[in-house]
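What follows is the content of final.cif (mmCIF, C-alpha atoms and all ligand atoms).
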```cif
data_entry
loop_
_atom_site.label_atom_id
_atom_site.label_comp_id
_atom_site.auth_asym_id
_atom_site.auth_seq_id
_atom_site.Cartn_x
_atom_site.Cartn_y
_atom_site.Cartn_z
CA MET A 1 188.76 98.88 58.12
CA GLN A 2 188.06 101.85 55.97
CA GLY A 3 189.22 101.66 52.44
CA PHE A 4 191.78 104.07 51.20
CA ASN A 5 190.82 103.70 47.55
CA LYS A 6 187.44 104.43 46.13
CA TYR A 7 185.97 101.49 44.33
CA TYR A 8 183.28 102.47 41.89
CA PRO A 9 181.03 99.46 41.30
CA PRO A 10 179.84 98.74 37.73
CA ASP A 11 176.24 99.65 38.58
CA TYR A 12 177.26 103.13 39.83
CA ASP A 13 176.62 106.21 37.77
CA PRO A 14 177.07 109.89 38.78
CA SER A 15 173.32 110.45 39.10
CA HIS A 16 173.55 108.44 42.36
CA GLY A 17 175.44 111.28 44.00
CA SER A 18 178.54 110.64 46.04
CA LEU A 19 179.90 107.17 46.53
CA ASN A 20 179.33 107.40 50.30
CA SER A 21 175.67 108.27 49.94
CA TYR A 22 175.25 105.56 47.32
CA ARG A 23 176.74 102.96 49.66
CA GLY A 24 174.87 104.42 52.64
CA LYS A 25 178.08 105.26 54.51
CA HIS A 26 179.25 108.36 56.37
CA ALA A 27 182.46 110.02 55.24
CA LEU A 28 183.96 109.35 58.68
CA GLY A 29 183.08 105.65 58.43
CA ASP A 30 182.53 103.60 61.57
CA ARG A 31 183.49 106.50 63.85
CA ALA A 32 180.21 108.16 62.87
CA ARG A 33 178.01 105.20 63.76
CA LYS A 34 176.29 107.22 66.54
CA ILE A 35 176.25 110.49 64.63
CA ASP A 36 172.45 110.57 64.70
CA GLN A 37 172.72 110.98 68.51
CA GLY A 38 175.27 113.75 68.08
CA ILE A 39 178.10 111.43 69.11
CA LEU A 40 181.35 111.03 67.28
CA ILE A 41 183.86 108.38 68.33
CA THR A 42 187.27 109.95 68.83
CA ARG A 43 190.54 108.90 70.38
CA PHE A 44 190.81 110.53 73.80
CA GLU A 45 193.87 110.57 76.03
CA LEU A 46 193.47 110.89 79.80
CA PRO A 47 194.82 114.31 80.83
CA PHE A 48 195.44 113.22 84.46
CA ASN A 49 195.55 110.15 86.70
CA ILE A 50 192.19 108.72 87.76
CA TRP A 51 190.73 105.86 89.78
CA CYS A 52 187.99 103.95 88.04
CA GLY A 53 184.75 104.27 90.04
CA THR A 54 183.63 100.74 89.17
CA CYS A 55 186.73 98.56 89.60
CA ASN A 56 188.71 101.06 91.74
CA ASN A 57 191.83 100.56 89.63
CA HIS A 58 194.33 103.34 89.07
CA ILE A 59 194.48 104.47 85.44
CA GLY A 60 197.48 106.52 84.48
CA MET A 61 197.59 109.78 82.62
CA GLY A 62 198.01 109.29 78.88
CA VAL A 63 195.94 106.11 78.52
CA ARG A 64 193.88 106.38 75.38
CA TYR A 65 190.29 105.41 74.81
CA ASN A 66 187.84 105.41 71.96
CA ALA A 67 185.64 107.99 73.59
CA GLU A 68 182.19 109.16 72.62
CA LYS A 69 182.57 112.87 72.03
CA LYS A 70 179.47 114.98 72.32
CA LYS A 71 178.76 118.66 72.57
CA ILE A 72 176.78 119.29 75.73
CA GLY A 73 176.73 123.07 75.99
CA ALA A 74 178.73 126.23 75.54
CA TYR A 75 180.70 128.67 77.62
CA TYR A 76 180.05 131.95 75.74
CA SER A 77 180.89 130.86 72.19
CA THR A 78 183.21 128.00 73.20
CA PRO A 79 181.58 124.57 73.07
CA ILE A 80 181.73 122.27 76.08
CA PHE A 81 182.43 118.64 75.11
CA SER A 82 181.83 115.49 77.05
CA PHE A 83 184.03 112.39 76.54
CA ARG A 84 182.49 109.10 77.60
CA CYS A 85 185.03 106.32 77.92
CA LYS A 86 184.77 102.65 78.86
CA CYS A 87 187.31 101.44 81.39
CA HIS A 88 189.71 98.92 79.84
CA LEU A 89 189.93 96.94 83.11
CA CYS A 90 186.19 96.58 83.68
CA ASP A 91 183.04 97.48 81.80
CA GLY A 92 182.37 100.68 83.72
CA TRP A 93 181.94 103.96 81.96
CA PHE A 94 183.31 107.29 83.10
CA GLU A 95 182.72 110.74 81.74
CA ILE A 96 185.06 113.72 81.46
CA HIS A 97 184.00 117.22 80.42
CA THR A 98 186.00 120.13 79.12
CA ASP A 99 185.89 123.28 81.26
CA PRO A 100 186.62 126.28 79.03
CA LYS A 101 186.10 128.74 81.88
CA ASN A 102 189.08 127.33 83.76
CA THR A 103 190.83 125.84 80.69
CA ARG A 104 190.89 122.31 82.10
CA TYR A 105 189.11 118.93 82.16
CA VAL A 106 186.85 117.73 84.94
CA VAL A 107 185.74 114.20 85.79
CA VAL A 108 181.96 114.24 86.00
CA SER A 109 181.01 110.67 86.77
CA GLY A 110 182.31 107.09 87.01
CA ALA A 111 185.80 107.95 88.27
CA ARG A 112 187.80 110.00 90.72
CA GLN A 113 190.52 112.40 89.70
CA LYS A 114 193.81 112.23 91.53
CA ASP A 115 194.34 115.71 92.90
CA GLU A 116 197.84 116.61 91.83
CA GLU A 117 197.33 120.15 90.73
CA TRP A 118 199.69 122.80 91.91
CA ASN A 119 197.66 125.39 93.72
CA PRO A 120 199.62 128.64 93.81
CA GLU A 121 197.33 130.17 96.39
CA GLU A 122 198.12 127.38 98.86
CA ASN A 123 201.82 127.97 98.31
CA GLY A 124 201.90 131.70 98.79
CA GLY A 125 201.35 132.73 95.16
CA PHE A 126 198.46 134.22 93.26
CA ALA A 127 195.60 132.36 91.70
CA ILE A 128 195.91 131.97 87.94
CA HIS A 129 192.31 131.28 87.03
CA ASP A 130 190.89 134.34 88.72
CA THR A 131 188.34 135.12 86.02
CA GLU A 132 185.71 136.51 88.39
CA GLN A 133 186.20 140.12 89.37
CA ALA A 134 186.07 140.81 93.06
CA ALA A 135 182.60 142.26 93.54
CA ALA A 136 182.43 145.60 95.31
CA PRO A 137 180.82 145.45 98.74
CA LEU A 138 177.19 146.27 98.44
CA ASP A 139 176.57 149.57 100.21
CA PRO A 140 173.05 150.90 99.50
CA LEU A 141 173.96 154.46 100.46
CA ALA A 142 177.04 154.48 98.24
CA ALA A 143 174.98 153.05 95.40
CA LEU A 144 172.35 155.73 95.88
CA GLU A 145 175.01 158.44 95.91
CA LYS A 146 176.43 157.04 92.71
CA THR A 147 173.08 157.09 90.95
CA THR A 148 172.32 160.65 92.09
CA ASP A 149 175.78 161.75 90.91
CA ALA A 150 175.14 160.18 87.55
CA LYS A 151 171.75 161.86 87.35
CA HIS A 152 173.27 165.26 88.16
CA HIS A 153 175.95 164.73 85.56
CA VAL A 154 173.32 163.99 82.92
CA GLU A 155 171.21 166.99 83.86
CA LYS A 156 173.94 169.56 84.38
CA VAL A 157 176.53 168.60 81.80
CA GLN A 158 175.37 166.22 79.16
CA VAL A 159 171.94 167.64 78.34
CA PRO A 160 173.15 171.27 77.95
CA ARG A 161 176.02 170.08 75.80
CA ILE A 162 173.75 168.16 73.50
CA GLU A 163 171.34 171.10 73.33
CA SER A 164 174.09 173.54 72.41
CA LEU A 165 175.36 171.14 69.74
CA GLN A 166 171.85 170.84 68.36
CA GLN A 167 171.47 174.62 68.28
CA LEU A 168 174.75 174.98 66.46
CA SER A 169 173.74 172.35 63.97
CA GLU A 170 170.38 174.03 63.37
CA HIS A 171 172.08 177.41 62.96
CA TYR A 172 174.32 176.03 60.22
CA ASN A 173 171.62 174.00 58.52
CA ALA A 174 168.89 176.63 58.62
CA ASP A 175 169.77 178.42 55.35
CA PRO A 176 172.20 176.33 53.34
CA TYR A 177 171.73 178.40 50.17
CA SER A 178 172.92 181.73 51.58
CA LEU A 179 175.77 180.06 53.46
CA SER A 180 176.88 178.26 50.33
CA SER A 181 176.72 181.41 48.20
CA LYS A 182 178.69 183.31 50.86
CA VAL A 183 181.37 180.66 50.86
CA ARG A 184 181.52 180.52 47.07
CA LYS A 185 181.80 184.32 46.80
CA ARG A 186 184.67 184.36 49.22
CA PHE A 187 186.32 181.51 47.37
CA ARG A 188 186.08 183.42 44.08
CA GLU A 189 187.71 186.50 45.64
CA ASP A 190 190.50 184.42 47.10
CA LYS A 191 190.98 182.75 43.75
CA LYS A 192 191.36 186.10 42.00
CA VAL A 193 194.02 187.21 44.45
CA GLU A 194 195.74 183.86 44.15
CA LYS A 195 195.77 184.11 40.37
CA LEU A 196 197.33 187.59 40.43
CA LYS A 197 199.99 186.40 42.82
CA GLN A 198 200.73 183.40 40.62
CA LYS A 199 201.13 185.68 37.61
CA ALA A 200 203.51 187.98 39.48
CA ASP A 201 205.55 185.02 40.67
CA ASP A 202 205.77 183.60 37.16
CA GLU A 203 206.96 186.93 35.83
CA LEU A 204 209.60 187.12 38.50
CA LYS A 205 210.77 183.61 37.74
CA GLY A 206 210.91 184.38 34.03
CA ARG A 207 212.89 187.54 34.61
CA TYR A 208 215.55 185.89 36.74
CA GLY A 209 215.54 182.51 35.02
CA LEU A 210 214.41 180.67 38.15
CA PRO A 211 213.15 177.09 37.88
CA GLU A 212 209.39 176.66 37.44
CA THR A 213 209.15 174.35 40.43
CA LEU A 214 210.65 176.88 42.82
CA SER A 215 208.04 178.08 45.29
CA LEU A 216 208.49 181.70 46.28
CA ALA A 217 207.86 182.84 49.82
CA GLN A 218 204.59 184.49 50.64
CA GLU A 219 204.91 188.25 50.18
CA ASP A 220 203.48 190.42 52.91
CA GLU A 221 204.21 193.75 54.58
CA GLU A 222 206.64 192.25 57.07
CA SER A 223 208.72 190.31 54.55
CA ARG A 224 208.77 193.32 52.22
CA GLN A 225 210.04 195.50 55.05
CA ALA A 226 212.65 192.89 55.98
CA ALA A 227 213.86 192.67 52.39
CA LYS A 228 214.04 196.47 52.18
CA ASP A 229 216.06 196.66 55.42
CA GLU A 230 218.39 193.96 54.16
CA TRP A 231 218.90 195.85 50.87
CA ASP A 232 219.58 199.16 52.67
CA LYS A 233 222.04 197.44 54.98
CA GLY A 234 223.90 195.94 52.01
CA VAL A 235 224.07 199.29 50.25
CA ARG A 236 225.40 200.97 53.40
CA GLU A 237 228.07 198.30 53.90
CA LEU A 238 229.19 198.58 50.30
CA GLU A 239 229.47 202.34 50.65
CA LEU A 240 231.51 201.97 53.85
CA ARG A 241 233.85 199.48 52.19
CA ARG A 242 234.35 201.78 49.23
CA GLN A 243 235.14 204.71 51.52
CA ALA A 244 237.67 202.66 53.48
CA LYS A 245 239.36 201.57 50.26
CA ARG A 246 239.50 205.12 49.02
CA GLN A 247 241.10 206.24 52.28
CA ARG A 248 243.64 203.44 52.11
CA MET A 249 244.49 204.39 48.55
CA ALA A 250 244.87 208.01 49.58
CA LEU A 251 247.28 207.03 52.38
CA GLN A 252 249.33 204.41 50.53
CA GLY A 253 249.01 205.64 46.97
CA PRO A 254 251.63 208.45 46.85
CA LEU A 255 254.16 206.48 48.97
CA SER A 256 254.06 203.35 46.96
CA SER A 257 254.19 205.20 43.65
CA SER A 258 257.22 207.30 44.72
CA SER A 259 259.11 204.30 46.07
CA ARG A 260 258.34 202.45 42.90
CA THR A 261 259.74 205.26 40.81
CA GLN A 262 262.73 205.50 43.13
CA THR A 263 263.58 201.85 42.84
CA ARG A 264 263.03 202.00 39.15
CA SER A 265 265.37 204.97 38.76
CA SER A 266 267.95 203.45 41.09
CA GLY A 267 267.45 200.15 39.36
CA SER A 268 268.33 201.69 36.04
CA SER A 269 271.44 203.43 37.34
CA GLY A 270 272.25 201.58 40.60
CA GLY A 271 271.68 198.21 38.96
CA LEU A 272 274.24 198.97 36.38
CA THR A 273 276.80 200.09 38.96
CA SER A 274 276.26 197.04 41.11
CA LEU A 275 276.65 194.82 38.04
CA ARG A 276 279.86 196.52 37.18
CA ALA A 277 281.15 196.16 40.75
CA ARG A 278 280.27 192.45 40.76
CA ILE A 279 282.08 191.82 37.50
CA LEU A 280 285.14 193.61 38.83
CA GLU A 281 285.03 191.62 42.05
CA ASN A 282 284.83 188.36 40.12
CA THR A 283 287.81 189.16 38.02
CA THR A 284 289.91 190.07 41.05
CA ARG A 285 288.83 186.89 42.84
CA ARG A 286 289.79 184.83 39.85
CA SER A 287 293.15 186.47 39.54
CA LEU A 288 293.95 186.35 43.24
CA PRO A 289 294.09 182.55 43.77
CA ARG A 290 296.15 182.28 40.61
CA ALA A 291 298.70 184.60 42.13
CA GLY A 292 298.60 182.54 45.30
CA GLN A 293 299.10 179.32 43.34
CA THR A 294 302.07 180.63 41.56
CA ASN A 295 303.39 181.76 44.91
CA SER A 296 303.04 178.32 46.46
CA ASN A 297 304.57 176.70 43.40
CA LYS A 298 307.52 178.90 43.78
ZN ZN A 301 187.28 100.07 85.76
#
```

Could you render the structure from this file as structure tokens?
Amino acid sequence: MQGFNKYYPPDYDPSHGSLNSYRGKHALGDRARKIDQGILITRFELPFNIWCGTCNNHIGMGVRYNAEKKKIGAYYSTPIFSFRCKCHLCDGWFEIHTDPKNTRYVVVSGARQKDEEWNPEENGGFAIHDTEQAAAPLDPLAALEKTTDAKHHVEKVQVPRIESLQQLSEHYNADPYSLSSKVRKRFREDKKVEKLKQKADDELKGRYGLPETLSLAQEDEESRQAAKDEWDKGVRELELRRQAKRQRMALQGPLSSSSRTQTRSSGSSGGLTSLRARILENTTRRSLPRAGQTNSNK
């Protein structure tokens, strides 16, 4: 039994190194007793039903053994492990390996595996572990044609392309100084133009109180022409509207003014007469029912 606490004996001091090395023990304890042979004792559970090869007994899936686990190889970078177990019904040993290629376990020696695997191919399905690509039928003529095609492609397409790219590269790298000065000169000219434009824009913004962050559209011949057309159109429309208004005024003006004066004049005289007539009517209406009343009373 491995201890769960670490007992430090009185004669121990840190210069001895770890407690395990001082006691001459492995960190994994008794399970590492064959570690010098590359074997670690692990608990292994049978992944399928087997028959022991020595005593011919059936051993069910899920029975656990203290198996000797050992790395015996690799499939690409995945290690292949072997598990050596001792039958619990006899003293026979059997060995099971992992099979990373087919993601399964295989019995190698000392036992027989009960074949219970579902084979989809037998039952009209497709194989799951079809890791090997179906190799193309070997036709020497077809292969030859393929190689000649590839050769032609290299000669006719790839080599000229590489050569032209190399020429281009040499052309640009031949005189870096003159190319650089050309580019810088052009950049300076562009910068000057850009600066002038920026100044003009700023002036415009200042004149009309536009926000600083507003970006003005690029000014060119086309936009200038469009703006001019738009302005002319606006001016023309305004002129047309003014003319129409003037015409309307000329048609309506005299009529409305004369009627206004008429009503005003009639209002001053006619209003008075109508008021008088209404007062008279009221007085007669008031006096009439009184006469009627007196008549009925009588
Ligand atoms: Zn056995």

### Task
List all protein, DNA and RNA residues that have at least one atom no more than 9 Å from any atom of ligand ZN 301 (chain A), counting all atoms listed in the file, and write them as a list in words.
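Listing the residues within 9 Å of ligand ZN 301 (chain A) gives Trp51, Cys52, Gly53, Thr54, Cys55, Asn56, Asn57, His58, Ile59, Lys86, Cys87, His88, Leu89, Cys90, Asp91, Gly92, Trp93, Phe94, Gly110 and Ala111 of chain A.
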
### Task
Please measure the separation of atom CA of Arg224 of chain A and atom CA of Lys185 of chain A, giving the value in Å to one decimal.
28.9 Å

### Message
Restricting the calculation to all atoms listed in the file: of A:Arg276, A:Gln167, A:Glu219, A:Glu121, which residue gets closest to Gln198 of chain A?
### Response
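Checking each candidate against Gln198 of chain A, we get A:Glu219 as the closest.
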
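Computed from the coordinates, the atom CA of Ser82 of chain A to atom CA of Asn20 of chain A distance equals 28.1 Å.
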
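Separating atom CA of Ser109 of chain A from atom CA of Tyr65 of chain A is a distance of 16.0 Å.
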
### Task
May I have the residues within 6 Å of segment 96-103 of chain A as number ranges by chain, using only C-alpha atoms and disregarding those fewer than 6 positions away in the same chain?
A: 80-83

Considering only C-alpha atoms, return as a compact mmCIF listing (two decimals) with C-alpha atoms, keeping the file's coordinate frame whatever protein or nucleic-acid residues lie within 8 Å of segment 45-49 of chain A, sequence-local ones (same chain, fewer than 6 positions apart) excluded.
```txt
# COMPACT_ATOMS: atom_id res chain seq x y z
CA HIS A 58 194.33 103.34 89.07
CA ILE A 59 194.48 104.47 85.44
CA GLY A 60 197.48 106.52 84.48
CA MET A 61 197.59 109.78 82.62
CA GLY A 62 198.01 109.29 78.88
CA VAL A 63 195.94 106.11 78.52
CA ARG A 64 193.88 106.38 75.38
CA TYR A 65 190.29 105.41 74.81
CA TYR A 105 189.11 118.93 82.16
CA GLN A 113 190.52 112.40 89.70
CA LYS A 114 193.81 112.23 91.53
```

#### Entry: Distance query Ile41 of chain A at most 6 Å, only C-alpha atoms, self and fewer than 2 positions along chain excluded, as JSON, numbers by chain
{"A": [31, 67, 68, 69]}
